[in-house]
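**Q** What follows is a single structure, and I will ask about it in a moment.
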Amino acid sequence: MTVFSETAQQAAQRGSFFIVFNVRSGSGDADEEIQTIRRVLEAGGRSFEFFQCNAQESVEVMARRAVALAKARQGVVVAAGGDGTINAVANAVMGSGCPFGVLPQGTFNYFGREHAIAQDTRKAALTLLQAHLSPVQAGRVNGRVFLVNASLGLYPQILEDREAWKNQLGRSRFVAFLSGIASLLRSRHQLRLRIESDGHTVLLRTPTLFVANNRLQLAQTGIHAQQIDALAHGQLAGIAVRTIGTLALFALLIRGLLGRLGDADNIQSFSFRRLTVMPKGMRRIKVATDGEIVWMQTPLVFEVAAEPLLLLVPASADLAAVE
């Protein structure tokens, strides 16, 4: 049984909520969502403060302000947005000792759904009032936290293309699917990687390397149960696609949508606690962490974070994933 500090317990039960709200996340009315959260927290007798992120104020800046105040006032830092927003706030929270709450507002919301946090704003806000603390594993790549996944190669390109499509056609899973097809049709690049883990070195040629830290996402794509179980036992799951053509990549996309990716012959999966990846001939490479793309220096080091997030989860939930 995990023992939390008295400060963290008191903050979770009685502390103020410092809410980092990304007004650009999701497809709902941000003002309406904020008012819903405000009504619930006021009715519950808890104090709160919003930090709204827009074109002028980034999520990272607002998150750092929220964490500073939460530490000073023994409060809770809350991320209101999609998985990318949650990632940015989690990066600021890690190591602070502050409890972390989530109000999902995005398209996929893998992190909130895995931890049984309601997708409805009102219900999620009620969870904050009635929640208990649960330690949640985080991954890191070159020090940057990821909660759902991290990747390099084709997958970051798909995410970049998806964002461009969403800006033109709106945010929906169907638009994400169409943009993925378009990315695959243009894909040509293959990465040549040297991978080291537990004293073993492997040379790998692949269009993409995907590192997972979310059981729900793995289960929905049909990755083998042993990799899903690895996440529950303090490891991360690596997935690589063997060198294949465009049509075969398209077939993998369909398999993933049907929840049968683990059956594919050209998928290689493995688990680890620490993995060093050196792309041949590349000093920098694009890496996606929970949907947010950044340039990183090589080599890349993927590892399980030394400390967990102190997440507020539903008091009565069995932590089964929310579909």
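Chain labels run A, B, ... following the order of the structure tokens; each chain numbers its residues from 1, and ligands are numbered from 1 in the order shown.
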Write out as number ranges by chain which residues come within 10 Å of Asp120 (chain A) when counting only C-alpha atoms, dropping same-chain ones fewer than 5 positions away.
**A** A: 33, 103-105, 125
**Q** Keeping only all heavy atoms, write the selected residues as a CSV table (one decimal), in the first residue's frame.
**A**
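Output file again02.csv is given in full below:
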chain,number,residue,atom,x,y,z
A,33,GLU,N,-17.7,25.4,-20.3
A,33,GLU,CA,-17.0,24.4,-19.5
A,33,GLU,C,-16.4,25.0,-18.2
A,33,GLU,O,-16.5,24.4,-17.1
A,33,GLU,CB,-15.9,23.8,-20.3
A,33,GLU,CG,-16.3,23.1,-21.6
A,33,GLU,CD,-17.1,21.8,-21.2
A,33,GLU,OE1,-16.7,21.1,-20.4
A,33,GLU,OE2,-18.2,21.7,-21.9
A,103,LEU,N,-9.2,17.2,-15.8
A,103,LEU,CA,-10.5,17.4,-16.3
A,103,LEU,C,-10.4,17.3,-17.8
A,103,LEU,O,-10.0,18.2,-18.6
A,103,LEU,CB,-11.0,18.9,-16.0
A,103,LEU,CG,-11.2,19.2,-14.5
A,103,LEU,CD1,-11.4,20.7,-14.3
A,103,LEU,CD2,-12.4,18.4,-14.0
A,104,PRO,N,-10.7,16.1,-18.4
A,104,PRO,CA,-10.5,15.8,-19.8
A,104,PRO,C,-11.3,16.7,-20.7
A,104,PRO,O,-12.5,16.8,-20.5
A,104,PRO,CB,-10.9,14.3,-19.9
A,104,PRO,CG,-10.8,13.7,-18.5
A,104,PRO,CD,-11.2,14.9,-17.6
A,105,GLN,N,-10.7,17.2,-21.7
A,105,GLN,CA,-11.3,18.1,-22.7
A,105,GLN,C,-11.0,17.8,-24.1
A,105,GLN,O,-11.5,18.5,-25.0
A,105,GLN,CB,-11.0,19.6,-22.4
A,105,GLN,CG,-11.3,20.1,-21.0
A,105,GLN,CD,-12.7,20.4,-20.8
A,105,GLN,OE1,-13.4,21.0,-21.6
A,105,GLN,NE2,-13.3,19.9,-19.7
A,125,ALA,N,-15.4,17.1,-12.5
A,125,ALA,CA,-15.2,18.1,-11.5
A,125,ALA,C,-15.6,17.6,-10.1
A,125,ALA,O,-15.0,17.8,-9.1
A,125,ALA,CB,-15.9,19.4,-11.8
**Q** Looking at A:Ser197, A:Val313, A:Gly238, A:Met296, which one is nearest to Gly143 (chain A), with distances taken over only C-alpha atoms?
**A**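 Closest candidate: A:Met296.
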**Q** Would you mind telling me which residue in A:Asn87, A:Asn54, A:Thr121, A:Gln10 lies nearest to Leu41 (chain A) when using only C-alpha atoms?
**A** A:Thr121
**Q** Here is a test: counting only C-alpha atoms, which residue of A:Glu57, A:Glu292, A:Asp198, A:Glu42 is nearest to Ser16 (chain A)?
**A** A:Glu42
**Q** So that I can check the surroundings of Thr289 (chain A), please list as a PyMOL selection string every protein, DNA and RNA residue that reaches within 9 Å of it, counting only C-alpha atoms and ignoring chain neighbours fewer than 3 positions away.
**A** chain A and resi 84+87+141+144-151+156+292-294
**Q** Would you pick out the contacts of Gly101 (chain A) at 9 Å or less, using only C-alpha atoms, so that residues sharing its chain but fewer than 6 positions from it are not included, and give the list as a compact mmCIF listing (two decimals) with N, CA and C atoms, in the first residue's frame?
**A**
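What ended up in part_31.txt:
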# COMPACT_ATOMS: atom_id res chain seq x y z
N PHE A 17 -7.76 24.32 -5.67
CA PHE A 17 -7.47 23.79 -7.00
C PHE A 17 -6.91 24.90 -7.88
N ILE A 19 -6.21 25.47 -11.59
CA ILE A 19 -6.67 24.79 -12.80
C ILE A 19 -6.06 25.43 -14.04
N VAL A 76 -3.77 21.72 -5.10
CA VAL A 76 -3.80 20.69 -6.13
C VAL A 76 -3.67 21.37 -7.50
N VAL A 77 -2.81 20.85 -8.35
CA VAL A 77 -2.70 21.35 -9.72
C VAL A 77 -3.61 20.50 -10.61
N VAL A 78 -4.44 21.16 -11.41
CA VAL A 78 -5.41 20.45 -12.26
C VAL A 78 -5.17 20.83 -13.72
N ALA A 79 -5.13 19.84 -14.60
CA ALA A 79 -5.01 20.06 -16.03
C ALA A 79 -6.37 19.88 -16.68
N ALA A 80 -6.87 20.91 -17.36
CA ALA A 80 -8.13 20.82 -18.10
C ALA A 80 -7.82 20.96 -19.58
N LEU A 128 -13.00 15.52 -8.52
CA LEU A 128 -11.96 16.26 -7.79
C LEU A 128 -12.33 16.44 -6.33
N LEU A 310 1.02 11.94 -8.42
CA LEU A 310 0.04 11.72 -7.35
C LEU A 310 -1.33 12.13 -7.90
N LEU A 311 -1.99 11.21 -8.57
CA LEU A 311 -3.21 11.52 -9.32
C LEU A 311 -4.46 11.39 -8.46
N LEU A 312 -5.38 12.34 -8.61
CA LEU A 312 -6.69 12.25 -7.99
C LEU A 312 -7.59 11.38 -8.87
N VAL A 313 -8.07 10.28 -8.33
CA VAL A 313 -8.91 9.35 -9.07
C VAL A 313 -10.24 9.18 -8.34
**Q** Set the distance at 12 Å and use only C-alpha atoms: which residues neighbour Ile34 (chain A) once local chain neighbours fewer than 2 positions away are removed? I'd like the list as a PDB file with N, CA, C and O atoms, in the first residue's frame.
**A**
ATOM      1  N   ILE A  19      -6.212  25.467 -11.586  1.00  0.00           N
ATOM      2  CA  ILE A  19      -6.669  24.788 -12.796  1.00  0.00           C
ATOM      3  C   ILE A  19      -6.063  25.431 -14.041  1.00  0.00           C
ATOM      4  O   ILE A  19      -6.351  26.592 -14.366  1.00  0.00           O
ATOM      5  N   VAL A  20      -5.232  24.665 -14.730  1.00  0.00           N
ATOM      6  CA  VAL A  20      -4.646  25.118 -15.995  1.00  0.00           C
ATOM      7  C   VAL A  20      -5.597  24.685 -17.100  1.00  0.00           C
ATOM      8  O   VAL A  20      -5.722  23.499 -17.397  1.00  0.00           O
ATOM      9  N   PHE A  21      -6.277  25.644 -17.709  1.00  0.00           N
ATOM     10  CA  PHE A  21      -7.333  25.355 -18.679  1.00  0.00           C
ATOM     11  C   PHE A  21      -6.885  25.794 -20.066  1.00  0.00           C
ATOM     12  O   PHE A  21      -6.610  26.964 -20.305  1.00  0.00           O
ATOM     13  N   ASN A  22      -6.814  24.827 -20.979  1.00  0.00           N
ATOM     14  CA  ASN A  22      -6.450  25.122 -22.365  1.00  0.00           C
ATOM     15  C   ASN A  22      -7.723  25.384 -23.162  1.00  0.00           C
ATOM     16  O   ASN A  22      -8.466  24.456 -23.481  1.00  0.00           O
ATOM     17  N   VAL A  23      -7.971  26.628 -23.486  1.00  0.00           N
ATOM     18  CA  VAL A  23      -9.208  26.985 -24.181  1.00  0.00           C
ATOM     19  C   VAL A  23      -9.242  26.450 -25.601  1.00  0.00           C
ATOM     20  O   VAL A  23     -10.295  26.419 -26.253  1.00  0.00           O
ATOM     21  N   GLY A  28     -15.799  21.769 -27.467  1.00  0.00           N
ATOM     22  CA  GLY A  28     -16.877  22.400 -26.718  1.00  0.00           C
ATOM     23  C   GLY A  28     -16.638  23.887 -26.516  1.00  0.00           C
ATOM     24  O   GLY A  28     -15.625  24.456 -26.930  1.00  0.00           O
ATOM     25  N   ASP A  29     -17.595  24.535 -25.864  1.00  0.00           N
ATOM     26  CA  ASP A  29     -17.532  25.951 -25.551  1.00  0.00           C
ATOM     27  C   ASP A  29     -16.711  26.121 -24.272  1.00  0.00           C
ATOM     28  O   ASP A  29     -17.125  25.685 -23.199  1.00  0.00           O
ATOM     29  N   ALA A  30     -15.532  26.750 -24.384  1.00  0.00           N
ATOM     30  CA  ALA A  30     -14.629  26.866 -23.244  1.00  0.00           C
ATOM     31  C   ALA A  30     -15.268  27.644 -22.100  1.00  0.00           C
ATOM     32  O   ALA A  30     -15.141  27.254 -20.929  1.00  0.00           O
ATOM     33  N   ASP A  31     -15.957  28.741 -22.407  1.00  0.00           N
ATOM     34  CA  ASP A  31     -16.592  29.541 -21.347  1.00  0.00           C
ATOM     35  C   ASP A  31     -17.646  28.723 -20.601  1.00  0.00           C
ATOM     36  O   ASP A  31     -17.756  28.800 -19.368  1.00  0.00           O
ATOM     37  N   GLU A  32     -18.400  27.944 -21.341  1.00  0.00           N
ATOM     38  CA  GLU A  32     -19.423  27.103 -20.709  1.00  0.00           C
ATOM     39  C   GLU A  32     -18.788  26.039 -19.814  1.00  0.00           C
ATOM     40  O   GLU A  32     -19.264  25.761 -18.716  1.00  0.00           O
ATOM     41  N   THR A  36     -19.194  25.568 -15.758  1.00  0.00           N
ATOM     42  CA  THR A  36     -19.611  24.291 -15.166  1.00  0.00           C
ATOM     43  C   THR A  36     -18.673  23.903 -14.031  1.00  0.00           C
ATOM     44  O   THR A  36     -19.113  23.502 -12.944  1.00  0.00           O
ATOM     45  N   ILE A  37     -17.373  24.001 -14.279  1.00  0.00           N
ATOM     46  CA  ILE A  37     -16.387  23.673 -13.252  1.00  0.00           C
ATOM     47  C   ILE A  37     -16.555  24.593 -12.054  1.00  0.00           C
ATOM     48  O   ILE A  37     -16.540  24.145 -10.892  1.00  0.00           O
ATOM     49  N   ARG A  38     -16.747  25.877 -12.316  1.00  0.00           N
ATOM     50  CA  ARG A  38     -16.899  26.863 -11.250  1.00  0.00           C
ATOM     51  C   ARG A  38     -18.098  26.530 -10.348  1.00  0.00           C
ATOM     52  O   ARG A  38     -17.997  26.555  -9.114  1.00  0.00           O
ATOM     53  N   ARG A  39     -19.235  26.194 -10.966  1.00  0.00           N
ATOM     54  CA  ARG A  39     -20.437  25.885 -10.175  1.00  0.00           C
ATOM     55  C   ARG A  39     -20.226  24.661  -9.290  1.00  0.00           C
ATOM     56  O   ARG A  39     -20.630  24.657  -8.124  1.00  0.00           O
ATOM     57  N   VAL A  40     -19.597  23.635  -9.845  1.00  0.00           N
ATOM     58  CA  VAL A  40     -19.388  22.404  -9.075  1.00  0.00           C
ATOM     59  C   VAL A  40     -18.464  22.657  -7.887  1.00  0.00           C
ATOM     60  O   VAL A  40     -18.753  22.226  -6.747  1.00  0.00           O
ATOM     61  N   LEU A  41     -17.364  23.350  -8.108  1.00  0.00           N
ATOM     62  CA  LEU A  41     -16.401  23.563  -7.036  1.00  0.00           C
ATOM     63  C   LEU A  41     -16.936  24.526  -5.978  1.00  0.00           C
ATOM     64  O   LEU A  41     -16.682  24.351  -4.775  1.00  0.00           O
ATOM     65  N   PHE A  48     -10.604  27.821  -5.673  1.00  0.00           N
ATOM     66  CA  PHE A  48      -9.966  27.474  -6.929  1.00  0.00           C
ATOM     67  C   PHE A  48      -9.517  28.731  -7.652  1.00  0.00           C
ATOM     68  O   PHE A  48      -9.970  29.841  -7.357  1.00  0.00           O
ATOM     69  N   GLU A  49      -8.623  28.527  -8.611  1.00  0.00           N
ATOM     70  CA  GLU A  49      -8.157  29.627  -9.451  1.00  0.00           C
ATOM     71  C   GLU A  49      -7.870  29.066 -10.837  1.00  0.00           C
ATOM     72  O   GLU A  49      -7.272  27.988 -10.965  1.00  0.00           O
ATOM     73  N   PHE A  50      -8.303  29.783 -11.882  1.00  0.00           N
ATOM     74  CA  PHE A  50      -8.079  29.345 -13.254  1.00  0.00           C
ATOM     75  C   PHE A  50      -6.844  30.028 -13.849  1.00  0.00           C
ATOM     76  O   PHE A  50      -6.582  31.209 -13.602  1.00  0.00           O
ATOM     77  N   PHE A  51      -6.121  29.271 -14.644  1.00  0.00           N
ATOM     78  CA  PHE A  51      -5.004  29.785 -15.428  1.00  0.00           C
ATOM     79  C   PHE A  51      -5.317  29.431 -16.879  1.00  0.00           C
ATOM     80  O   PHE A  51      -5.122  28.288 -17.305  1.00  0.00           O
ATOM     81  N   GLN A  52      -5.832  30.396 -17.624  1.00  0.00           N
ATOM     82  CA  GLN A  52      -6.301  30.118 -18.978  1.00  0.00           C
ATOM     83  C   GLN A  52      -5.171  30.281 -19.990  1.00  0.00           C
ATOM     84  O   GLN A  52      -4.472  31.289 -20.006  1.00  0.00           O
ATOM     85  N   ALA A  80      -6.868  20.909 -17.364  1.00  0.00           N
ATOM     86  CA  ALA A  80      -8.125  20.825 -18.098  1.00  0.00           C
ATOM     87  C   ALA A  80      -7.822  20.961 -19.579  1.00  0.00           C
ATOM     88  O   ALA A  80      -7.512  22.043 -20.066  1.00  0.00           O
ATOM     89  N   GLY A  81      -7.876  19.828 -20.294  1.00  0.00           N
ATOM     90  CA  GLY A  81      -7.549  19.829 -21.713  1.00  0.00           C
ATOM     91  C   GLY A  81      -7.381  18.412 -22.209  1.00  0.00           C
ATOM     92  O   GLY A  81      -7.761  17.451 -21.531  1.00  0.00           O
ATOM     93  N   LEU A 103      -9.191  17.180 -15.783  1.00  0.00           N
ATOM     94  CA  LEU A 103     -10.524  17.443 -16.330  1.00  0.00           C
ATOM     95  C   LEU A 103     -10.417  17.259 -17.842  1.00  0.00           C
ATOM     96  O   LEU A 103     -10.042  18.180 -18.561  1.00  0.00           O
ATOM     97  N   GLN A 105     -10.658  17.230 -21.741  1.00  0.00           N
ATOM     98  CA  GLN A 105     -11.348  18.103 -22.679  1.00  0.00           C
ATOM     99  C   GLN A 105     -10.988  17.789 -24.138  1.00  0.00           C
ATOM    100  O   GLN A 105     -11.451  18.473 -25.043  1.00  0.00           O
ATOM    101  N   THR A 121     -17.551  17.005 -18.154  1.00  0.00           N
ATOM    102  CA  THR A 121     -16.861  17.986 -17.322  1.00  0.00           C
ATOM    103  C   THR A 121     -17.440  18.062 -15.922  1.00  0.00           C
ATOM    104  O   THR A 121     -16.702  18.110 -14.928  1.00  0.00           O
ATOM    105  N   ARG A 122     -18.757  18.060 -15.805  1.00  0.00           N
ATOM    106  CA  ARG A 122     -19.371  18.158 -14.487  1.00  0.00           C
ATOM    107  C   ARG A 122     -18.999  16.959 -13.609  1.00  0.00           C
ATOM    108  O   ARG A 122     -18.637  17.110 -12.434  1.00  0.00           O
ATOM    109  N   ALA A 125     -15.361  17.146 -12.539  1.00  0.00           N
ATOM    110  CA  ALA A 125     -15.168  18.134 -11.484  1.00  0.00           C
ATOM    111  C   ALA A 125     -15.640  17.591 -10.136  1.00  0.00           C
ATOM    112  O   ALA A 125     -15.009  17.828  -9.096  1.00  0.00           O
TER     113      ALA A 125
END
**Q** If you run DSSP over the backbone, which residues in region 1-115 of chain A end up strand (DSSP E or B)? Put them as a ChimeraX atom specification.
**A** /A:17-22,48-53,76-81,100-104
**Q** Which one of A:Thr107, A:Gln268, A:Gln137, A:Asn142 sits closest to Arg215 (chain A) if you count only C-alpha atoms?
**A**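 Between A:Thr107, A:Gln268, A:Gln137, A:Asn142, the residue approaching Arg215 (chain A) most closely is A:Gln137.
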**Q** Would you mind reading off the distance between CA of Ile195 (chain A) and CA of Leu209 (chain A), one decimal, in Å?
**A** 10.6 Å
**Q** DSSP on the backbone: which residues in region 57-151 of chain A end up as alpha helix (DSSP H)? Give the answer as a PyMOL selection string.
**A** chain A and resi 59-73+83-93+110-114+121-130
**Q** I'd like the neighbourhood of Phe108 (chain A) as a list in words, where a residue qualifies if any of its atoms comes within 8 Å (using only C-alpha atoms), though same-chain residues fewer than 2 positions away should be ignored.
**A**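 These residues fall inside the cut-off: Gly82, Asp83, Gly106, Tyr110 and Arg173 of chain A.
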**Q** Just the residues within 9 Å of Met94 (chain A), please, counting only C-alpha atoms, with nothing from its chain fewer than 4 positions along; format it as a list of chain:residue names.
**A**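 Residues meeting the cut-off are A:Val89, A:Ala90, A:Cys98, A:Val145, A:Glu307, A:Pro308, A:Leu309, A:Leu310.
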**Q** Tell me which of A:Val241, A:Asn109, A:Gly222, A:Val67 sits closest to Tyr155 (chain A), counting only C-alpha atoms.
**A** A:Val241
